[in-house]
Structure formats: C-alpha cells, structure tokens
Amino acid sequence: MEPADVTGWEAAVLDGGPADGMRLKVADRPRVVQVTYPCRAESAPPGVRVEGVYVYRLDHSVTAEPLRYGFDIACP
C-alpha cells in the first residue's frame, strides 16, 4: 500500500528513548515504529552505511489522539 493511498492518519507521540517527544502521523495504528539514526563508519566500503535502530511500541491503553508509542529498551 502506498502512503498516498492511506486514509485515516492519526497523530502520535514517541515516549522515552532517543526520540522522546517526537510527534508523527501514523496510518492503521502500526504496533511498532522504528526510528533510525545515522552512525559514522570508519573504513566502510563504498555505499555501506550504518544506522542505530530504536523501536517504539504502541501503547494500547491510549485510544484517542495523540497515540503513544513507548521506547522498547529490550529491542535491538
């Protein structure tokens, strides 16, 4: 599904972790949102990039906007 085809965008906010307080719009209430940050790579081959990955999980107790996604410290 292309983002342009999606209706029903909802406001959400990330809670905790490196993206604490970040606001975004989500469609279809995904259970997990992934945030990435670029890392500096030394001696990397051309075209290779390294990113830190952070996972946020939907707080199902929140039913109205803004939806909340909590930082999952246990996820790689």
# chains A, B, ... in the order shown; residues from 1 in each chain; ligands from 1
>>> residues_around(residues="Gly21 of chain A", least_positions_apart="2", cutoff="12 Å", atoms="only C-alpha atoms", output="ChimeraX atom specification")
/A:12-19,23-24,56,66-71
>>> closest_residue(among="A:Asp72, A:Val35, A:Thr63, A:Asp20", to="Glu51 of chain A", atoms="only C-alpha atoms")
A:Val35
>>> residues_around(residues="Cys39 of chain A", least_positions_apart="5", cutoff="8 Å", atoms="only C-alpha atoms", output="count of residues only")
4
>>> closest_residue(among="A:His60, A:Val48, A:Arg40, A:Glu65", to="Gly8 of chain A", atoms="only C-alpha atoms")
A:Glu65
>>> atom_distance(atom1="atom CA of Gly47 of chain A", atom2="atom CA of Val33 of chain A")
25.4 Å
>>> atom_distance(atom1="atom CA of Arg57 of chain A", atom2="atom CA of Cys75 of chain A")
10.1 Å
>>> atom_distance(atom1="atom CA of Ala11 of chain A", atom2="atom CA of Ala74 of chain A")
25.0 Å
>>> closest_residue(among="A:Ile73, A:Ala41, A:Trp9, A:Tyr54", to="Lys25 of chain A", atoms="only C-alpha atoms")
A:Trp9
>>> closest_residue(among="A:Glu10, A:Pro38, A:Ser43, A:Asp28", to="Ala64 of chain A", atoms="only C-alpha atoms")
A:Glu10
>>> select_by_dssp(residues="chain A", states="strand (DSSP E)", output="number ranges by chain")
A: 10-15, 23-26, 32-39, 50-58, 67-71
>>> decode(residues="segment 6-47 of chain A", atoms="C-alpha atoms", output="PDB file, in the first residue's frame")
ATOM      1  CA  VAL A   6      -3.839   5.549   3.004  1.00  0.00           C
ATOM      2  CA  THR A   7      -6.606   7.427   4.762  1.00  0.00           C
ATOM      3  CA  GLY A   8      -7.149   7.861   8.462  1.00  0.00           C
ATOM      4  CA  TRP A   9      -3.804   9.307   9.519  1.00  0.00           C
ATOM      5  CA  GLU A  10      -3.587   9.770  13.303  1.00  0.00           C
ATOM      6  CA  ALA A  11      -1.296  11.902  15.431  1.00  0.00           C
ATOM      7  CA  ALA A  12       1.166  10.023  17.617  1.00  0.00           C
ATOM      8  CA  VAL A  13       3.965  10.881  20.019  1.00  0.00           C
ATOM      9  CA  LEU A  14       7.062   8.879  20.950  1.00  0.00           C
ATOM     10  CA  ASP A  15       7.667   8.386  24.664  1.00  0.00           C
ATOM     11  CA  GLY A  16      11.169   7.819  26.070  1.00  0.00           C
ATOM     12  CA  GLY A  17      14.394   6.858  24.338  1.00  0.00           C
ATOM     13  CA  PRO A  18      16.375   8.963  21.896  1.00  0.00           C
ATOM     14  CA  ALA A  19      13.296  10.317  20.069  1.00  0.00           C
ATOM     15  CA  ASP A  20      11.333  11.257  23.216  1.00  0.00           C
ATOM     16  CA  GLY A  21       8.590  13.758  22.452  1.00  0.00           C
ATOM     17  CA  MET A  22       8.825  13.409  18.668  1.00  0.00           C
ATOM     18  CA  ARG A  23       5.435  13.822  17.015  1.00  0.00           C
ATOM     19  CA  LEU A  24       4.414  11.998  13.862  1.00  0.00           C
ATOM     20  CA  LYS A  25       1.410  10.799  11.859  1.00  0.00           C
ATOM     21  CA  VAL A  26       0.692   7.079  11.523  1.00  0.00           C
ATOM     22  CA  ALA A  27      -1.816   5.149   9.433  1.00  0.00           C
ATOM     23  CA  ASP A  28      -3.571   1.956  10.511  1.00  0.00           C
ATOM     24  CA  ARG A  29      -2.063   2.106  14.029  1.00  0.00           C
ATOM     25  CA  PRO A  30       1.111   0.072  13.454  1.00  0.00           C
ATOM     26  CA  ARG A  31       2.141  -1.928  16.518  1.00  0.00           C
ATOM     27  CA  VAL A  32       5.780  -0.910  16.161  1.00  0.00           C
ATOM     28  CA  VAL A  33       7.539   2.231  14.913  1.00  0.00           C
ATOM     29  CA  GLN A  34      11.254   2.150  14.094  1.00  0.00           C
ATOM     30  CA  VAL A  35      13.495   5.196  14.442  1.00  0.00           C
ATOM     31  CA  THR A  36      16.996   5.218  12.956  1.00  0.00           C
ATOM     32  CA  TYR A  37      19.973   7.476  13.490  1.00  0.00           C
ATOM     33  CA  PRO A  38      22.990   7.535  11.167  1.00  0.00           C
ATOM     34  CA  CYS A  39      26.318   6.393  12.629  1.00  0.00           C
ATOM     35  CA  ARG A  40      29.803   7.301  11.445  1.00  0.00           C
ATOM     36  CA  ALA A  41      31.523   4.312   9.898  1.00  0.00           C
ATOM     37  CA  GLU A  42      35.279   4.149   9.550  1.00  0.00           C
ATOM     38  CA  SER A  43      36.802   2.158   6.696  1.00  0.00           C
ATOM     39  CA  ALA A  44      33.395   1.292   5.279  1.00  0.00           C
ATOM     40  CA  PRO A  45      33.202   0.055   1.678  1.00  0.00           C
ATOM     41  CA  PRO A  46      31.564   2.449  -0.803  1.00  0.00           C
ATOM     42  CA  GLY A  47      27.784   2.515  -0.440  1.00  0.00           C
TER      43      GLY A  47
END
